[in-house]
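Novice: There's a structure below that I have some questions on.
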Amino acid sequence: MKEVSVQTIADTVARLAVQACCHLPEDVVAAMKEAAVLEPSSVGRTVLAQLVDNAAIAAREDIPVCQDTGLTVVFADVGQEVHITGGSLEDAINEGLARGSRDGYLRKSCVAEPLFERRNTGTNTPAIVHVRLVPGDRLSLLLAPKGAGSENKSIVRMLVPADGMEGVRRTVLEAVEKAGPNSCPPMVVGVGLGGTMEVAALLAKRAAVRPLKSRNADPRYAALEDELLELVNRTGIGPQGLGGVTTAFAVHVEWAPTHIAMLPVAVNINCNAARHASAVL
């Protein structure tokens, strides 16, 4: 049995909170640079070059890539042979997030209650924590700060099997077209298929933080990812919604078993700052 202390978890989350907001993943920066060369629109190329410059400045000066440092989503995969000592996992995550938000000067974007008072918690906590029990003796943490501009454009549609492939295409394009410039494209589009309403949404969110060049292990779904990316980039929305062929860097699809009478589809969009950072303890 491997022991992991809550202090180690809190320290790791504090570091990842700043890293995710100030240092874009290498594959995201590489996609920006590649698109800045290939984008046929001169305005689009200028926007993409500015995004590359912005990412470089943020990394160099340890300042957030975007003023909306998001509501932090944490995916915690806990090995069955891990024993967390000294307190609770969620308390440790929130302690680390609060410290990282303070020390990294991240905007406090969390309200304690959604409808009436909407009082800011002042700490950027609590995080949205998704825990999965997995084999092994490791604790994996993936932090994905989610800004409102992109998260607000997420959708879930409870289709039926008769809607089929065309229904999936229609749902994804509806989400992208309604998002338009408000999700700060080029975007990363996560698509969740199957399960139930909440499972599809979680699949979409996990899909949105996959490495950009990754492909679904099932060749049928990998082909669907390629098709959806082509359709999204045909919309002409382009970088920052100013026109062009680079509306999305990637479309990722994840799926789960579902009911014989259902075809849930969820779409979760990441803006061009597809922020995430991870660590294994």
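Each chain in the structure tokens gets a letter, A, B, ..., in the order shown, and its residues are numbered from 1; ligands are numbered from 1 in order too.
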Could you find all residues in region 30-82 of chain A that DSSP calls alpha helix (DSSP H) from the backbone, and write them as a PDB file with C-alpha atoms, in the first residue's frame?
Specialist:
ATOM      1  CA  ALA A  30       2.804  23.900 -31.563  1.00  0.00           C
ATOM      2  CA  ALA A  31      -0.716  23.856 -33.051  1.00  0.00           C
ATOM      3  CA  MET A  32      -0.869  27.649 -32.880  1.00  0.00           C
ATOM      4  CA  LYS A  33       2.475  27.970 -34.659  1.00  0.00           C
ATOM      5  CA  GLU A  34       1.526  25.460 -37.348  1.00  0.00           C
ATOM      6  CA  ALA A  35      -1.831  27.134 -37.964  1.00  0.00           C
ATOM      7  CA  ALA A  36      -0.168  30.571 -38.168  1.00  0.00           C
ATOM      8  CA  VAL A  37       1.718  29.289 -41.228  1.00  0.00           C
ATOM      9  CA  LEU A  38      -1.086  27.301 -42.879  1.00  0.00           C
ATOM     10  CA  SER A  42      -4.149  37.152 -43.446  1.00  0.00           C
ATOM     11  CA  VAL A  43      -6.227  38.353 -40.509  1.00  0.00           C
ATOM     12  CA  GLY A  44      -6.327  34.800 -39.164  1.00  0.00           C
ATOM     13  CA  ARG A  45      -2.540  34.485 -39.461  1.00  0.00           C
ATOM     14  CA  THR A  46      -2.109  37.752 -37.571  1.00  0.00           C
ATOM     15  CA  VAL A  47      -4.413  36.572 -34.785  1.00  0.00           C
ATOM     16  CA  LEU A  48      -2.607  33.256 -34.502  1.00  0.00           C
ATOM     17  CA  ALA A  49       0.785  34.991 -34.377  1.00  0.00           C
ATOM     18  CA  GLN A  50      -0.536  37.174 -31.546  1.00  0.00           C
ATOM     19  CA  LEU A  51      -1.718  34.074 -29.666  1.00  0.00           C
ATOM     20  CA  VAL A  52       1.764  32.558 -30.009  1.00  0.00           C
ATOM     21  CA  ASP A  53       3.330  35.793 -28.701  1.00  0.00           C
ATOM     22  CA  ASN A  54       0.847  35.926 -25.825  1.00  0.00           C
ATOM     23  CA  ALA A  55       1.661  32.349 -24.791  1.00  0.00           C
ATOM     24  CA  ALA A  56       5.393  33.114 -24.875  1.00  0.00           C
ATOM     25  CA  ILE A  57       5.014  36.242 -22.730  1.00  0.00           C
ATOM     26  CA  ALA A  58       2.834  34.406 -20.210  1.00  0.00           C
ATOM     27  CA  ALA A  59       5.352  31.561 -19.888  1.00  0.00           C
ATOM     28  CA  ARG A  60       8.334  33.883 -19.666  1.00  0.00           C
ATOM     29  CA  GLU A  61       6.836  36.153 -17.018  1.00  0.00           C
TER      30      GLU A  61
END
Novice: Fewer than 4 positions away in the same chain doesn't count, so skip those; otherwise give me all residues within 7 Å of region 241-255 of chain A, counting only C-alpha atoms, as a ChimeraX atom specification.
Specialist: /A:31,35,39-41,44,180-181,185-194,203-204,207-208,212,216,221,225,228-229,232-234,236-237
Novice: Using only C-alpha atoms, what does the table of region 2-56 of chain A residues within 8 Å of region 130-152 of chain A look like, with each row giving the shortest atom pair and its distance in Å to one decimal, sorted by chain and ascending number, as CSV?
Specialist:
residue,atom,partner,partner_atom,distance
A:Lys2,CA,A:Asp137,CA,6.0
A:Val13,CA,A:Leu143,CA,7.8
A:Leu16,CA,A:Leu143,CA,6.8
A:Ala17,CA,A:Leu143,CA,6.9
A:Ala20,CA,A:Ala144,CA,7.1
A:Cys21,CA,A:Pro145,CA,7.3
Novice: Generate a file of the selected residues that holds all heavy atoms, formatted as a PDB file, in the first residue's frame.
Specialist:
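Saved result, selection_5.pdb, follows:
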ATOM      1  N   LYS A   2       0.708   2.083  -0.989  1.00  0.00           N
ATOM      2  CA  LYS A   2       1.482   3.323  -1.072  1.00  0.00           C
ATOM      3  C   LYS A   2       0.735   4.436  -0.357  1.00  0.00           C
ATOM      4  O   LYS A   2      -0.466   4.625  -0.564  1.00  0.00           O
ATOM      5  CB  LYS A   2       1.722   3.712  -2.520  1.00  0.00           C
ATOM      6  CG  LYS A   2       2.527   4.996  -2.670  1.00  0.00           C
ATOM      7  CD  LYS A   2       2.853   5.288  -4.111  1.00  0.00           C
ATOM      8  CE  LYS A   2       3.676   6.548  -4.228  1.00  0.00           C
ATOM      9  NZ  LYS A   2       4.061   6.818  -5.627  1.00  0.00           N
ATOM     10  N   VAL A  13      -1.088  20.446  -6.258  1.00  0.00           N
ATOM     11  CA  VAL A  13      -2.191  21.205  -6.858  1.00  0.00           C
ATOM     12  C   VAL A  13      -1.843  22.682  -6.933  1.00  0.00           C
ATOM     13  O   VAL A  13      -2.145  23.357  -7.936  1.00  0.00           O
ATOM     14  CB  VAL A  13      -3.493  20.974  -6.063  1.00  0.00           C
ATOM     15  CG1 VAL A  13      -4.582  21.952  -6.511  1.00  0.00           C
ATOM     16  CG2 VAL A  13      -3.973  19.537  -6.227  1.00  0.00           C
ATOM     17  N   LEU A  16       0.385  23.040  -9.927  1.00  0.00           N
ATOM     18  CA  LEU A  16      -0.321  22.807 -11.186  1.00  0.00           C
ATOM     19  C   LEU A  16      -1.298  23.930 -11.513  1.00  0.00           C
ATOM     20  O   LEU A  16      -1.518  24.246 -12.695  1.00  0.00           O
ATOM     21  CB  LEU A  16      -1.064  21.478 -11.130  1.00  0.00           C
ATOM     22  CG  LEU A  16      -0.213  20.208 -11.049  1.00  0.00           C
ATOM     23  CD1 LEU A  16      -1.114  18.982 -10.953  1.00  0.00           C
ATOM     24  CD2 LEU A  16       0.728  20.089 -12.236  1.00  0.00           C
ATOM     25  N   ALA A  17      -1.893  24.536 -10.486  1.00  0.00           N
ATOM     26  CA  ALA A  17      -2.853  25.621 -10.716  1.00  0.00           C
ATOM     27  C   ALA A  17      -2.190  26.781 -11.444  1.00  0.00           C
ATOM     28  O   ALA A  17      -2.768  27.370 -12.372  1.00  0.00           O
ATOM     29  CB  ALA A  17      -3.440  26.086  -9.386  1.00  0.00           C
ATOM     30  N   ALA A  20      -0.907  25.539 -15.118  1.00  0.00           N
ATOM     31  CA  ALA A  20      -1.968  25.417 -16.121  1.00  0.00           C
ATOM     32  C   ALA A  20      -2.381  26.768 -16.682  1.00  0.00           C
ATOM     33  O   ALA A  20      -2.689  26.878 -17.880  1.00  0.00           O
ATOM     34  CB  ALA A  20      -3.173  24.710 -15.507  1.00  0.00           C
ATOM     35  N   CYS A  21      -2.382  27.789 -15.846  1.00  0.00           N
ATOM     36  CA  CYS A  21      -2.857  29.108 -16.287  1.00  0.00           C
ATOM     37  C   CYS A  21      -1.783  29.945 -16.963  1.00  0.00           C
ATOM     38  O   CYS A  21      -2.104  30.865 -17.711  1.00  0.00           O
ATOM     39  CB  CYS A  21      -3.431  29.878 -15.097  1.00  0.00           C
ATOM     40  SG  CYS A  21      -5.035  29.270 -14.533  1.00  0.00           S
TER      41      CYS A  21
END
Novice: When you draw a straight line from CA of Met1 (chain A) to CA of Leu281 (chain A), how long is it in Å?
Specialist: 13.4 Å
Novice: As a PyMOL selection string, please: every residue in region 182-275 of chain A that a backbone DSSP assignment puts in strand (DSSP E or B).
Specialist: chain A and resi 187-195+248-258+263-270
Novice: Taking C-alpha atoms for each residue, export the selection above as a PDB file, in the first residue's frame.
Specialist:
ATOM      1  CA  MET A 187     -11.051  25.830 -30.118  1.00  0.00           C
ATOM      2  CA  VAL A 188     -10.620  22.264 -28.979  1.00  0.00           C
ATOM      3  CA  VAL A 189     -13.929  20.433 -29.170  1.00  0.00           C
ATOM      4  CA  GLY A 190     -14.674  17.520 -26.870  1.00  0.00           C
ATOM      5  CA  VAL A 191     -17.575  15.247 -27.821  1.00  0.00           C
ATOM      6  CA  GLY A 192     -19.113  12.672 -25.495  1.00  0.00           C
ATOM      7  CA  LEU A 193     -21.386   9.961 -26.867  1.00  0.00           C
ATOM      8  CA  GLY A 194     -23.459   7.467 -24.933  1.00  0.00           C
ATOM      9  CA  GLY A 195     -23.941   6.751 -21.262  1.00  0.00           C
ATOM     10  CA  ALA A 248     -10.632  24.218 -34.221  1.00  0.00           C
ATOM     11  CA  PHE A 249      -7.284  22.614 -33.530  1.00  0.00           C
ATOM     12  CA  ALA A 250      -8.915  19.265 -32.795  1.00  0.00           C
ATOM     13  CA  VAL A 251     -12.177  17.422 -32.267  1.00  0.00           C
ATOM     14  CA  HIS A 252     -11.909  14.532 -29.804  1.00  0.00           C
ATOM     15  CA  VAL A 253     -14.633  11.927 -29.260  1.00  0.00           C
ATOM     16  CA  GLU A 254     -15.108   9.649 -26.258  1.00  0.00           C
ATOM     17  CA  TRP A 255     -17.933   7.131 -25.895  1.00  0.00           C
ATOM     18  CA  ALA A 256     -19.626   4.851 -23.373  1.00  0.00           C
ATOM     19  CA  PRO A 257     -22.286   2.114 -23.466  1.00  0.00           C
ATOM     20  CA  THR A 258     -25.830   3.450 -23.380  1.00  0.00           C
ATOM     21  CA  LEU A 263     -28.104   8.452 -27.999  1.00  0.00           C
ATOM     22  CA  PRO A 264     -26.835  11.149 -25.609  1.00  0.00           C
ATOM     23  CA  VAL A 265     -24.477  13.682 -27.209  1.00  0.00           C
ATOM     24  CA  ALA A 266     -22.504  16.283 -25.271  1.00  0.00           C
ATOM     25  CA  VAL A 267     -20.179  18.949 -26.644  1.00  0.00           C
ATOM     26  CA  ASN A 268     -17.634  20.697 -24.444  1.00  0.00           C
ATOM     27  CA  ILE A 269     -15.490  23.439 -25.949  1.00  0.00           C
ATOM     28  CA  ASN A 270     -12.050  24.638 -24.903  1.00  0.00           C
TER      29      ASN A 270
END
Novice: Would you list the contacts of Ser101 (chain A) as JSON, numbers by chain, taking every protein, DNA or RNA residue within 8 Å and counting only C-alpha atoms, but skipping same-chain residues closer than 5 positions in sequence?
Specialist: {"A": [14, 17, 18, 106, 107, 108, 123, 124]}
Novice: Could you please take those selected residues and save all heavy atoms as a tab-separated table (two decimals), in the first residue's frame?
Specialist:
chain	number	residue	atom	x	y	z
A	14	ALA	N	-1.21	23.22	-5.90
A	14	ALA	CA	-0.81	24.63	-5.92
A	14	ALA	C	0.10	24.91	-7.11
A	14	ALA	O	-0.04	25.93	-7.80
A	14	ALA	CB	-0.12	25.00	-4.61
A	17	ALA	N	-1.89	24.54	-10.49
A	17	ALA	CA	-2.85	25.62	-10.72
A	17	ALA	C	-2.19	26.78	-11.44
A	17	ALA	O	-2.77	27.37	-12.37
A	17	ALA	CB	-3.44	26.09	-9.39
A	18	VAL	N	-0.98	27.12	-11.03
A	18	VAL	CA	-0.24	28.21	-11.68
A	18	VAL	C	0.28	27.77	-13.04
A	18	VAL	O	0.18	28.50	-14.04
A	18	VAL	CB	0.92	28.69	-10.79
A	18	VAL	CG1	1.72	29.79	-11.48
A	18	VAL	CG2	0.39	29.18	-9.44
A	106	LEU	N	-4.08	34.50	-9.60
A	106	LEU	CA	-5.13	34.06	-10.50
A	106	LEU	C	-6.45	34.69	-10.09
A	106	LEU	O	-6.77	34.77	-8.91
A	106	LEU	CB	-5.26	32.52	-10.47
A	106	LEU	CG	-3.96	31.74	-10.67
A	106	LEU	CD1	-4.25	30.24	-10.68
A	106	LEU	CD2	-3.25	32.15	-11.95
A	107	ARG	N	-7.21	35.12	-11.08
A	107	ARG	CA	-8.48	35.78	-10.78
A	107	ARG	C	-9.40	34.84	-10.03
A	107	ARG	O	-9.50	33.65	-10.35
A	107	ARG	CB	-9.17	36.23	-12.08
A	107	ARG	CG	-10.33	37.18	-11.84
A	107	ARG	CD	-11.01	37.57	-13.14
A	107	ARG	NE	-11.90	36.51	-13.61
A	107	ARG	CZ	-12.63	36.60	-14.72
A	107	ARG	NH1	-12.55	37.68	-15.48
A	107	ARG	NH2	-13.42	35.62	-15.09
A	108	LYS	N	-10.08	35.37	-9.03
A	108	LYS	CA	-11.01	34.57	-8.23
A	108	LYS	C	-12.36	34.56	-8.94
A	108	LYS	O	-13.06	35.57	-8.99
A	108	LYS	CB	-11.13	35.14	-6.81
A	108	LYS	CG	-9.79	35.45	-6.13
A	108	LYS	CD	-8.85	34.25	-6.11
A	108	LYS	CE	-7.57	34.53	-5.32
A	108	LYS	NZ	-6.70	35.52	-5.95
A	123	THR	N	-11.39	32.62	-3.03
A	123	THR	CA	-10.24	31.71	-3.02
A	123	THR	C	-10.13	30.89	-4.31
A	123	THR	O	-9.20	30.09	-4.46
A	123	THR	CB	-10.36	30.71	-1.86
A	123	THR	OG1	-11.58	29.96	-2.00
A	123	THR	CG2	-10.35	31.44	-0.51
A	124	ASN	N	-11.06	31.07	-5.22
A	124	ASN	CA	-11.16	30.26	-6.44
A	124	ASN	C	-11.56	28.82	-6.15
A	124	ASN	O	-11.44	27.95	-7.02
A	124	ASN	CB	-9.85	30.27	-7.24
A	124	ASN	CG	-10.08	30.63	-8.69
A	124	ASN	OD1	-11.12	31.15	-9.06
A	124	ASN	ND2	-9.09	30.37	-9.53
Novice: Report the distance between CA of Gln7 (chain A) and CA of Arg206 (chain A) in Å, rounded to one decimal place.
Specialist: 26.3 Å
Novice: Can you tell me, as a VMD selection string, what residues are no more than 12 Å from Ala92 (chain A) when counting only C-alpha atoms, ignoring any on the same chain fewer than 2 positions away?
Specialist: chain A and resid 4 to 14 74 76 84 to 90 94 to 99 125 to 127 129
Novice: So how many Å separate CA of Met197 (chain A) and CA of Met158 (chain A), to one decimal?
Specialist: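 Separation of CA of Met197 (chain A) and CA of Met158 (chain A): 7.1 Å.
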Novice: Which residues, written as a ChimeraX atom specification, have at least one atom at most 8 Å from region 23-25 of chain A, with only C-alpha atoms counted and residues fewer than 3 positions away on the same chain left out?
Specialist: /A:19-20,28-29,55,58-59,62,64-65,273-277
Novice: Keeping C-alpha atoms for every residue in the selection just given, could you write it to a file as a PDB file, in the first residue's frame?
Specialist:
ATOM      1  CA  GLN A  19       1.351  26.046 -14.359  1.00  0.00           C
ATOM      2  CA  ALA A  20      -1.968  25.417 -16.121  1.00  0.00           C
ATOM      3  CA  VAL A  28      -1.224  23.627 -27.988  1.00  0.00           C
ATOM      4  CA  VAL A  29       1.581  26.111 -28.703  1.00  0.00           C
ATOM      5  CA  ALA A  55       1.661  32.349 -24.791  1.00  0.00           C
ATOM      6  CA  ALA A  58       2.834  34.406 -20.210  1.00  0.00           C
ATOM      7  CA  ALA A  59       5.352  31.561 -19.888  1.00  0.00           C
ATOM      8  CA  ASP A  62       4.739  33.545 -15.156  1.00  0.00           C
ATOM      9  CA  PRO A  64      -1.837  34.019 -16.811  1.00  0.00           C
ATOM     10  CA  VAL A  65      -2.391  33.461 -20.519  1.00  0.00           C
ATOM     11  CA  ALA A 273      -5.899  28.431 -24.411  1.00  0.00           C
ATOM     12  CA  ALA A 274      -6.679  24.746 -23.893  1.00  0.00           C
ATOM     13  CA  ARG A 275      -5.206  24.892 -20.398  1.00  0.00           C
ATOM     14  CA  HIS A 276      -4.325  21.830 -18.391  1.00  0.00           C
ATOM     15  CA  ALA A 277      -1.478  20.457 -16.323  1.00  0.00           C
TER      16      ALA A 277
END
Novice: Which of these residues is nearest to Ala261 (chain A), using only C-alpha atoms: A:Gly167, A:Pro211, A:Gly238, A:Pro161?
Specialist: A:Pro161
Novice: Closest to Ala200 (chain A) among A:Val78, A:Leu159, A:Cys66, A:Leu71, using only C-alpha atoms?
Specialist: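 Looking at the shortest contact to Ala200 (chain A), the residue is A:Leu159.
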